[in-house]
Every structure is written in structure tokens, then in C-alpha cells.
file coords.csv (CSV, C-alpha atoms)
chain,number,residue,atom,x,y,z
A,193,GLN,CA,38.8,143.4,154.9
A,194,LYS,CA,38.7,141.6,151.6
A,195,GLU,CA,41.9,142.0,149.4
A,196,VAL,CA,40.0,143.2,146.3
A,197,GLU,CA,36.5,144.5,146.4
A,198,GLN,CA,34.4,145.1,143.3
A,199,ASP,CA,30.7,146.0,143.1
A,200,PRO,CA,29.1,143.0,141.5
A,201,GLY,CA,26.2,145.1,140.0
A,202,PRO,CA,24.4,144.3,137.8
A,203,LEU,CA,24.9,147.5,135.9
A,204,SER,CA,22.5,148.3,133.0
A,205,VAL,CA,23.2,151.3,130.7
A,206,PRO,CA,21.8,152.5,127.3
A,207,GLU,CA,24.0,152.1,124.2
A,208,GLY,CA,26.4,155.0,123.9
A,209,ALA,CA,26.7,155.7,127.6
A,210,ILE,CA,30.0,156.1,129.4
A,211,VAL,CA,30.5,153.2,131.8
A,212,SER,CA,32.6,153.4,135.0
A,213,LEU,CA,33.8,150.2,136.7
A,214,ASN,CA,35.8,150.3,139.9
A,215,CYS,CA,37.8,148.2,142.3
A,216,THR,CA,39.4,148.9,145.7
A,217,TYR,CA,42.1,146.9,147.3
A,218,SER,CA,43.9,146.6,150.6
A,219,ASN,CA,47.3,145.1,149.8
A,220,SER,CA,49.8,147.9,149.2
A,221,ALA,CA,52.1,145.3,147.5
A,222,PHE,CA,50.0,145.2,144.4
A,223,GLN,CA,51.9,146.8,141.5
A,224,TYR,CA,50.2,145.3,138.4
A,225,PHE,CA,46.6,146.0,137.6
A,226,MET,CA,44.5,144.3,134.9
A,227,TRP,CA,41.0,144.4,133.6
A,228,TYR,CA,39.5,141.2,132.1
A,229,ARG,CA,36.3,140.8,130.2
A,230,GLN,CA,34.4,137.5,130.7
A,231,TYR,CA,31.5,136.5,128.5
A,232,SER,CA,29.2,133.7,129.7
A,233,ARG,CA,30.9,130.3,129.7
A,234,LYS,CA,34.1,131.8,128.5
A,235,GLY,CA,37.5,132.5,130.1
A,236,PRO,CA,38.7,135.9,131.1
A,237,GLU,CA,39.9,138.0,128.2
A,238,LEU,CA,42.6,140.6,128.8
A,239,LEU,CA,41.4,144.1,128.1
A,240,MET,CA,43.8,146.4,129.9
A,241,TYR,CA,47.1,146.1,131.8
A,242,THR,CA,48.8,148.8,133.7
A,243,TYR,CA,51.7,149.1,136.0
A,244,SER,CA,51.6,151.4,139.1
A,245,SER,CA,49.6,154.6,139.1
A,246,GLY,CA,48.4,156.5,136.1
A,247,ASN,CA,46.1,156.3,133.1
A,248,LYS,CA,46.2,154.1,130.0
A,249,GLU,CA,43.9,154.4,127.0
A,250,ASP,CA,43.1,151.9,124.3
A,251,GLY,CA,40.4,152.8,121.9
A,252,ARG,CA,37.2,153.2,123.9
A,253,PHE,CA,38.7,151.9,127.1
A,254,THR,CA,40.6,153.9,129.7
A,255,ALA,CA,42.2,152.3,132.8
A,256,GLN,CA,43.1,154.4,135.8
A,257,VAL,CA,45.1,153.5,138.8
A,258,ASP,CA,45.4,155.5,142.0
A,259,LYS,CA,47.8,153.7,144.3
A,260,SER,CA,47.5,156.3,147.0
A,261,SER,CA,43.8,155.6,147.3
A,262,LYS,CA,44.1,151.9,146.4
A,263,TYR,CA,41.5,152.4,143.7
A,264,ILE,CA,41.4,151.4,140.1
A,265,SER,CA,38.8,152.2,137.4
A,266,LEU,CA,37.9,151.2,133.9
A,267,PHE,CA,36.0,153.6,131.7
A,268,ILE,CA,34.2,152.5,128.6
A,269,ARG,CA,33.2,155.2,126.2
A,270,ASP,CA,30.4,154.9,123.6
A,271,SER,CA,29.3,151.6,125.1
A,272,GLN,CA,28.0,149.0,122.7
A,273,PRO,CA,25.7,146.0,123.2
A,274,SER,CA,28.7,143.8,122.5
A,275,ASP,CA,30.3,145.2,125.6
A,276,SER,CA,27.7,143.3,127.7
A,277,ALA,CA,29.8,140.9,129.8
A,278,THR,CA,31.3,140.5,133.3
A,279,TYR,CA,34.3,142.7,133.9
A,280,LEU,CA,36.9,141.5,136.3
A,281,CYS,CA,39.6,143.5,137.9
A,282,ALA,CA,42.8,141.6,138.8
A,283,MET,CA,46.1,142.6,140.4
A,284,SER,CA,49.4,141.1,141.4
A,285,ALA,CA,52.4,142.0,143.5
A,286,ASP,CA,55.9,142.4,142.4
A,287,ARG,CA,57.0,138.9,143.1
A,288,SER,CA,58.3,136.2,140.8
A,289,ASN,CA,55.1,134.3,140.5
A,290,TYR,CA,52.7,137.2,139.8
A,291,LYS,CA,49.6,135.2,140.9
A,292,LEU,CA,46.5,137.2,140.2
A,293,THR,CA,44.0,138.3,142.9
A,294,PHE,CA,40.6,139.0,141.3
A,295,GLY,CA,37.6,141.0,142.2
A,296,LYS,CA,34.2,139.3,142.1
A,297,GLY,CA,33.4,140.9,138.8
A,298,THR,CA,30.7,143.4,137.6
A,299,LEU,CA,28.0,142.3,135.3
A,300,LEU,CA,27.4,144.9,132.7
A,301,THR,CA,24.4,145.0,130.2
A,302,VAL,CA,24.4,147.6,127.4
A,303,ASN,CA,20.9,148.0,126.1
A,304,PRO,CA,20.4,148.8,122.4
B,251,GLU,CA,46.2,135.2,117.7
B,252,PRO,CA,47.7,132.5,119.8
B,253,GLU,CA,45.5,131.2,122.6
B,254,VAL,CA,45.4,128.9,125.6
B,255,THR,CA,43.4,125.8,124.8
B,256,GLN,CA,41.7,123.7,127.5
B,257,THR,CA,40.1,120.2,127.2
B,258,PRO,CA,37.5,119.0,127.9
B,259,SER,CA,35.1,121.9,128.0
B,260,HIS,CA,32.9,120.0,130.4
B,261,GLN,CA,33.8,117.0,132.6
B,262,VAL,CA,31.2,115.1,134.6
B,263,THR,CA,32.7,112.7,137.2
B,264,GLN,CA,31.5,110.6,140.1
B,265,MET,CA,32.6,111.7,143.6
B,266,GLY,CA,35.8,109.9,144.6
B,267,GLN,CA,37.0,109.4,141.0
B,268,GLU,CA,40.2,111.0,139.7
B,269,VAL,CA,40.0,113.6,136.9
B,270,ILE,CA,42.7,115.2,134.7
B,271,LEU,CA,42.2,118.6,133.2
B,272,ARG,CA,44.3,119.4,130.2
B,273,CYS,CA,45.7,122.7,128.9
B,274,VAL,CA,47.9,123.7,126.0
B,275,PRO,CA,49.5,127.1,126.9
B,276,ILE,CA,50.6,129.6,124.4
B,277,SER,CA,53.8,128.2,122.8
B,278,ASN,CA,56.4,130.7,123.8
B,279,HIS,CA,55.0,131.2,127.4
B,280,LEU,CA,57.1,129.9,130.3
B,281,TYR,CA,54.8,130.5,133.3
B,282,PHE,CA,51.7,128.5,133.8
B,283,TYR,CA,48.8,128.8,136.2
B,284,TRP,CA,45.6,127.1,137.3
B,285,TYR,CA,42.7,129.0,138.7
B,286,ARG,CA,39.2,128.0,139.7
B,287,GLN,CA,35.9,129.7,139.8
B,288,ILE,CA,33.1,128.3,141.9
B,289,LEU,CA,29.7,129.4,140.6
B,290,GLY,CA,28.9,132.9,141.8
B,291,GLN,CA,32.3,133.4,143.4
B,292,LYS,CA,35.6,135.0,142.5
B,293,VAL,CA,38.3,133.5,140.3
B,294,GLU,CA,40.8,132.0,142.8
B,295,PHE,CA,44.5,131.2,142.3
B,296,LEU,CA,45.4,127.5,142.7
B,297,VAL,CA,49.0,127.0,141.6
B,298,SER,CA,51.8,128.5,139.5
B,299,PHE,CA,54.4,126.5,137.6
B,300,TYR,CA,57.7,127.5,136.2
B,301,ASN,CA,60.8,125.6,135.1
B,302,ASN,CA,59.1,122.2,135.6
B,303,GLU,CA,58.2,122.8,139.2
B,304,ILE,CA,55.5,124.4,141.4
B,305,SER,CA,56.6,128.0,142.2
B,306,GLU,CA,53.6,128.8,144.5
B,307,LYS,CA,50.4,127.2,145.6
B,308,SER,CA,47.4,128.4,147.5
B,309,GLU,CA,45.9,126.7,150.6
B,310,ILE,CA,43.2,125.3,148.3
B,311,PHE,CA,45.9,123.3,146.4
B,312,ASP,CA,46.2,120.4,148.9
B,313,ASP,CA,47.5,116.9,148.5
B,314,GLN,CA,44.4,116.1,146.4
B,315,PHE,CA,45.8,118.2,143.6
B,316,SER,CA,48.8,117.8,141.4
B,317,VAL,CA,50.2,119.5,138.2
B,318,GLU,CA,52.4,118.2,135.5
B,319,ARG,CA,54.0,119.3,132.3
B,320,PRO,CA,54.3,115.9,130.7
B,321,ASP,CA,55.7,117.2,127.4
B,322,GLY,CA,56.7,120.4,125.7
B,323,SER,CA,53.1,121.5,125.1
B,324,ASN,CA,50.6,120.2,127.7
B,325,PHE,CA,50.0,121.3,131.2
B,326,THR,CA,47.7,119.2,133.3
B,327,LEU,CA,45.8,119.5,136.6
B,328,LYS,CA,45.0,116.2,138.3
B,329,ILE,CA,42.4,116.0,141.1
B,330,ARG,CA,42.5,112.7,143.0
B,331,SER,CA,39.4,111.4,144.9
B,332,THR,CA,37.1,114.3,143.8
B,333,LYS,CA,34.7,115.9,146.2
B,334,LEU,CA,31.4,117.6,145.6
B,335,GLU,CA,33.0,120.9,146.4
B,336,ASP,CA,35.5,120.5,143.6
B,337,SER,CA,32.7,121.4,141.2
B,338,ALA,CA,33.8,124.6,139.5
B,339,MET,CA,35.2,126.1,136.4
B,340,TYR,CA,38.9,125.5,136.1
B,341,PHE,CA,41.0,128.0,134.1
B,342,CYS,CA,44.5,127.5,132.8
B,343,ALA,CA,46.6,130.6,132.2
B,344,SER,CA,50.0,131.3,130.8
B,345,ARG,CA,52.4,134.2,130.4
B,346,PRO,CA,55.7,134.8,128.8
B,347,ALA,CA,58.9,135.5,130.6
B,348,GLY,CA,60.4,139.0,130.4
B,349,PRO,CA,62.2,141.7,132.3
B,350,VAL,CA,58.9,142.9,133.7
B,351,ASN,CA,55.7,141.1,134.6
B,352,GLN,CA,53.7,140.2,131.5
B,353,PRO,CA,49.9,139.7,131.8
B,354,GLN,CA,48.4,136.3,131.9
B,355,HIS,CA,46.2,134.9,129.1
B,356,PHE,CA,43.4,132.5,130.0
B,357,GLY,CA,41.8,129.6,128.3
B,358,ASP,CA,38.0,129.1,128.2
B,359,GLY,CA,38.0,126.7,131.1
B,360,THR,CA,36.8,123.3,131.9
B,361,ARG,CA,33.5,123.0,133.7
B,362,LEU,CA,33.9,120.2,136.3
B,363,SER,CA,30.8,118.7,137.7
B,364,ILE,CA,31.1,116.2,140.5
B,365,LEU,CA,28.1,114.0,141.1

call {"tool": "encode", "arguments": {"input": "coords.csv", "output": "C-alpha cells"}}
result
Amino acid sequence: QKEVEQDPGPLSVPEGAIVSLNCTYSNSAFQYFMWYRQYSRKGPELLMYTYSSGNKEDGRFTAQVDKSSKYISLFIRDSQPSDSATYLCAMSADRSNYKLTFGKGTLLTVNP
Amino acid sequence: EPEVTQTPSHQVTQMGQEVILRCVPISNHLYFYWYRQILGQKVEFLVSFYNNEISEKSEIFDDQFSVERPDGSNFTLKIRSTKLEDSAMYFCASRPAGPVNQPQHFGDGTRLSIL
């Protein structure tokens, strides 16, 4: 079983739609969960960062973590064409080095 | 907003040659990382660096690879005797120290092409 699994898509939605992106993981040691956005030929850009289970909201973005199910989600409300990118989930364990383990990324296209 | 800077953006090298990828982390950050992303694959951890020494490395990071912080601002990844399979995007990341884990911030990467 892969450590972090993420549906690569591609996912295509109309402008204004609610987008749901998900990752599952197998390593119960993961405590820190992140979502990064990556535009073509650019580095990952931090969007959301959460610790342990629960929800976190920032503007149009909501991150959810369910540690009991080993499942994390990112919701994008009122999606915009500028949201078109690859979304990467990443997570790390509670150890001093905090190396990140990434999902493969979901390619999202928001159509005007 | 402070950012991680990587140079060059694209490096083309003949197989067997040595290459040095350079990074300037965010100035008050103390933890440094290198990751790579082979085309179409996941971003993979290579190495973490703290207090002037490697703190963890992956199985990818073999004797061919080395890292260095030659001065107070640069962080470099050296690949000796490059192979075709080293072709990838290489990302540098950094994060600050703190009482809890702080998220990592990434540069825009160096695209390494081995011919």
C-alpha cells in the first residue's frame, strides 16, 4: 500500500463550482498535513497547513483532516480560473526532521 | 514576502559530469531540504539539513549526492557523475525553527536535464 494516495484526475469544473480534493494515507504517525498548489514549471506553494484532526478555513479554502479514517480533504468554494493548477497533499510525522511525503497531485482545471 | 530562490532555473549537463544546484533559503529559516520530482511522478524527499549537518536522507540520496551550506545564505546540492535517471526537477525548501513543526516553503526548482 502506498503511503499517500491521491487521485491524479484530471478534474475539470465550471467557474463557481465547489471543488473537493482528497488524499488517503497509511502511516498513522503522520500528524501534520499540508496542501500545496503547483502551477506549471513552478514550485509547490503552501495553501493550507493543519495539525491533527479537524477543520481549518482560509478564505475560499477549507482543509479537513480525519485521522481516524486516514483521510484529508481540501475544499475550494467559488472556484476561479486562476485556481487551475496541480494540488498536492503532503504530510509529515512528529519527528525532528519533518520530511514531507507527498501525494501524486490532482490536476484541476476551472473553466470560465 | 520572503521566498526561497533557486539557480539556475534550467541546467543541461552531459552524463558523467558534476552539477551543483544552488538555493538561497528564507533568511531566518534553520531547516533546509532538497526534494526531486521526476516528470509525471511524486515529489520525493532527498535530504534534510540542520545545524550544518545532514539530519536525514532518503535511499535515493546515495554517495553520488552531497549537500553543503558554504556560507550564511546558500545551500547547495552537488551531484557527482550524473546519470540519465537524475533528470528531474529539484526543489529546495526551508522552514523556521519553533516549538512546533512549521510548514516548509519551496523554491521554483531547477530543471536538470542529463544528456

call {"tool": "closest_residue", "arguments": {"input": "coords.csv", "among": "B:Gln352, B:Gln267, B:Asn301, B:Asn278", "to": "Gln314 of chain B", "atoms": "all atoms listed in the file"}}
result
B:Gln267

call {"tool": "closest_atom_pairs", "arguments": {"input": "coords.csv", "of": "chain A", "to": "chain B", "cutoff": "10 Å", "atoms": "all atoms listed in the file", "output": "tab-separated table"}}
result
residue	atom	partner	partner_atom	distance
A:Gln223	CA	B:Asn351	CA	9.7
A:Tyr224	CA	B:Asn351	CA	7.9
A:Phe225	CA	B:Pro353	CA	9.2
A:Met226	CA	B:Pro353	CA	7.7
A:Tyr228	CA	B:His355	CA	9.7
A:Gln230	CA	B:Asp358	CA	9.5
A:Tyr231	CA	B:Asp358	CA	9.9
A:Arg233	CA	B:Asp358	CA	7.4
A:Lys234	CA	B:Asp358	CA	4.8
A:Gly235	CA	B:Asp358	CA	3.9
A:Pro236	CA	B:Phe356	CA	5.9
A:Glu237	CA	B:Phe356	CA	6.8
A:Leu238	CA	B:His355	CA	6.7
A:Met240	CA	B:Pro353	CA	9.3
A:Tyr241	CA	B:Pro353	CA	7.0
A:Thr242	CA	B:Pro353	CA	9.4
A:Tyr243	CA	B:Asn351	CA	9.1
A:Leu280	CA	B:Val293	CA	9.1
A:Ala282	CA	B:Val293	CA	9.4
A:Met283	CA	B:Pro353	CA	9.8
A:Ser284	CA	B:Asn351	CA	9.3
A:Ala285	CA	B:Asn351	CA	9.5
A:Asp286	CA	B:Asn351	CA	7.9
A:Arg287	CA	B:Asn351	CA	8.9
A:Ser288	CA	B:Asn351	CA	8.3
A:Asn289	CA	B:Ser305	CA	6.7
A:Tyr290	CA	B:Asn351	CA	7.2
A:Lys291	CA	B:Phe295	CA	6.6
A:Leu292	CA	B:Phe295	CA	6.7
A:Thr293	CA	B:Glu294	CA	7.1
A:Phe294	CA	B:Val293	CA	6.0
A:Gly295	CA	B:Lys292	CA	6.3
A:Lys296	CA	B:Lys292	CA	4.5
A:Gly297	CA	B:Lys292	CA	7.3

call {"tool": "write_last_selection", "arguments": {"input": "coords.csv", "atoms": "C-alpha atoms", "output": "PDB file, keeping the file's coordinate frame"}}
result
ATOM      1  CA  GLN A 223      51.900 146.800 141.500  1.00  0.00           C
ATOM      2  CA  TYR A 224      50.200 145.300 138.400  1.00  0.00           C
ATOM      3  CA  PHE A 225      46.600 146.000 137.600  1.00  0.00           C
ATOM      4  CA  MET A 226      44.500 144.300 134.900  1.00  0.00           C
ATOM      5  CA  TYR A 228      39.500 141.200 132.100  1.00  0.00           C
ATOM      6  CA  GLN A 230      34.400 137.500 130.700  1.00  0.00           C
ATOM      7  CA  TYR A 231      31.500 136.500 128.500  1.00  0.00           C
ATOM      8  CA  ARG A 233      30.900 130.300 129.700  1.00  0.00           C
ATOM      9  CA  LYS A 234      34.100 131.800 128.500  1.00  0.00           C
ATOM     10  CA  GLY A 235      37.500 132.500 130.100  1.00  0.00           C
ATOM     11  CA  PRO A 236      38.700 135.900 131.100  1.00  0.00           C
ATOM     12  CA  GLU A 237      39.900 138.000 128.200  1.00  0.00           C
ATOM     13  CA  LEU A 238      42.600 140.600 128.800  1.00  0.00           C
ATOM     14  CA  MET A 240      43.800 146.400 129.900  1.00  0.00           C
ATOM     15  CA  TYR A 241      47.100 146.100 131.800  1.00  0.00           C
ATOM     16  CA  THR A 242      48.800 148.800 133.700  1.00  0.00           C
ATOM     17  CA  TYR A 243      51.700 149.100 136.000  1.00  0.00           C
ATOM     18  CA  LEU A 280      36.900 141.500 136.300  1.00  0.00           C
ATOM     19  CA  ALA A 282      42.800 141.600 138.800  1.00  0.00           C
ATOM     20  CA  MET A 283      46.100 142.600 140.400  1.00  0.00           C
ATOM     21  CA  SER A 284      49.400 141.100 141.400  1.00  0.00           C
ATOM     22  CA  ALA A 285      52.400 142.000 143.500  1.00  0.00           C
ATOM     23  CA  ASP A 286      55.900 142.400 142.400  1.00  0.00           C
ATOM     24  CA  ARG A 287      57.000 138.900 143.100  1.00  0.00           C
ATOM     25  CA  SER A 288      58.300 136.200 140.800  1.00  0.00           C
ATOM     26  CA  ASN A 289      55.100 134.300 140.500  1.00  0.00           C
ATOM     27  CA  TYR A 290      52.700 137.200 139.800  1.00  0.00           C
ATOM     28  CA  LYS A 291      49.600 135.200 140.900  1.00  0.00           C
ATOM     29  CA  LEU A 292      46.500 137.200 140.200  1.00  0.00           C
ATOM     30  CA  THR A 293      44.000 138.300 142.900  1.00  0.00           C
ATOM     31  CA  PHE A 294      40.600 139.000 141.300  1.00  0.00           C
ATOM     32  CA  GLY A 295      37.600 141.000 142.200  1.00  0.00           C
ATOM     33  CA  LYS A 296      34.200 139.300 142.100  1.00  0.00           C
ATOM     34  CA  GLY A 297      33.400 140.900 138.800  1.00  0.00           C
TER      35      GLY A 297
END

call {"tool": "residues_around", "arguments": {"input": "coords.csv", "residues": "segment 256-266 of chain A", "least_positions_apart": "4", "cutoff": "6 Å", "atoms": "all atoms listed in the file", "output": "VMD selection string"}}
result
chain A and resid 212 to 217 245 to 247

call {"tool": "atom_distance", "arguments": {"input": "coords.csv", "atom1": "atom CA of Leu300 of chain A", "atom2": "atom CA of Ser363 of chain B"}}
result
26.9 Å

call {"tool": "atom_distance", "arguments": {"input": "coords.csv", "atom1": "atom CA of Asp321 of chain B", "atom2": "atom CA of Gln287 of chain B"}}
result
26.5 Å

call {"tool": "closest_residue", "arguments": {"input": "coords.csv", "among": "B:Glu309, B:Pro320, B:Glu253, B:Arg330", "to": "Arg272 of chain B", "atoms": "all atoms listed in the file"}}
result
B:Pro320

call {"tool": "atom_distance", "arguments": {"input": "coords.csv", "atom1": "atom CA of Val262 of chain B", "atom2": "atom CA of Phe325 of chain B"}}
result
20.1 Å

call {"tool": "residues_around", "arguments": {"input": "coords.csv", "residues": "Ser271 of chain A", "least_positions_apart": "3", "cutoff": "10 Å", "atoms": "all atoms listed in the file", "output": "list in words"}}
result
Val205, Pro206, Glu207, Gly208, Ala209, Ile210, Val211, Arg252, Phe253, Phe267, Ile268, Ser274, Asp275, Ser276, Thr301, Val302, Asn303 and Pro304 of chain A

call {"tool": "closest_residue", "arguments": {"input": "coords.csv", "among": "B:Gln256, B:Ile329, B:Glu335, B:Ser344", "to": "Asp312 of chain B", "atoms": "only C-alpha atoms"}}
result
B:Ile329

call {"tool": "closest_residue", "arguments": {"input": "coords.csv", "among": "B:Met265, B:Ile288, B:Glu303, B:Ser277", "to": "Val317 of chain B", "atoms": "only C-alpha atoms"}}
result
B:Glu303

call {"tool": "closest_residue", "arguments": {"input": "coords.csv", "among": "B:Pro258, B:Gly266, B:Pro252, B:Pro275", "to": "Thr332 of chain B", "atoms": "only C-alpha atoms"}}
result
B:Gly266
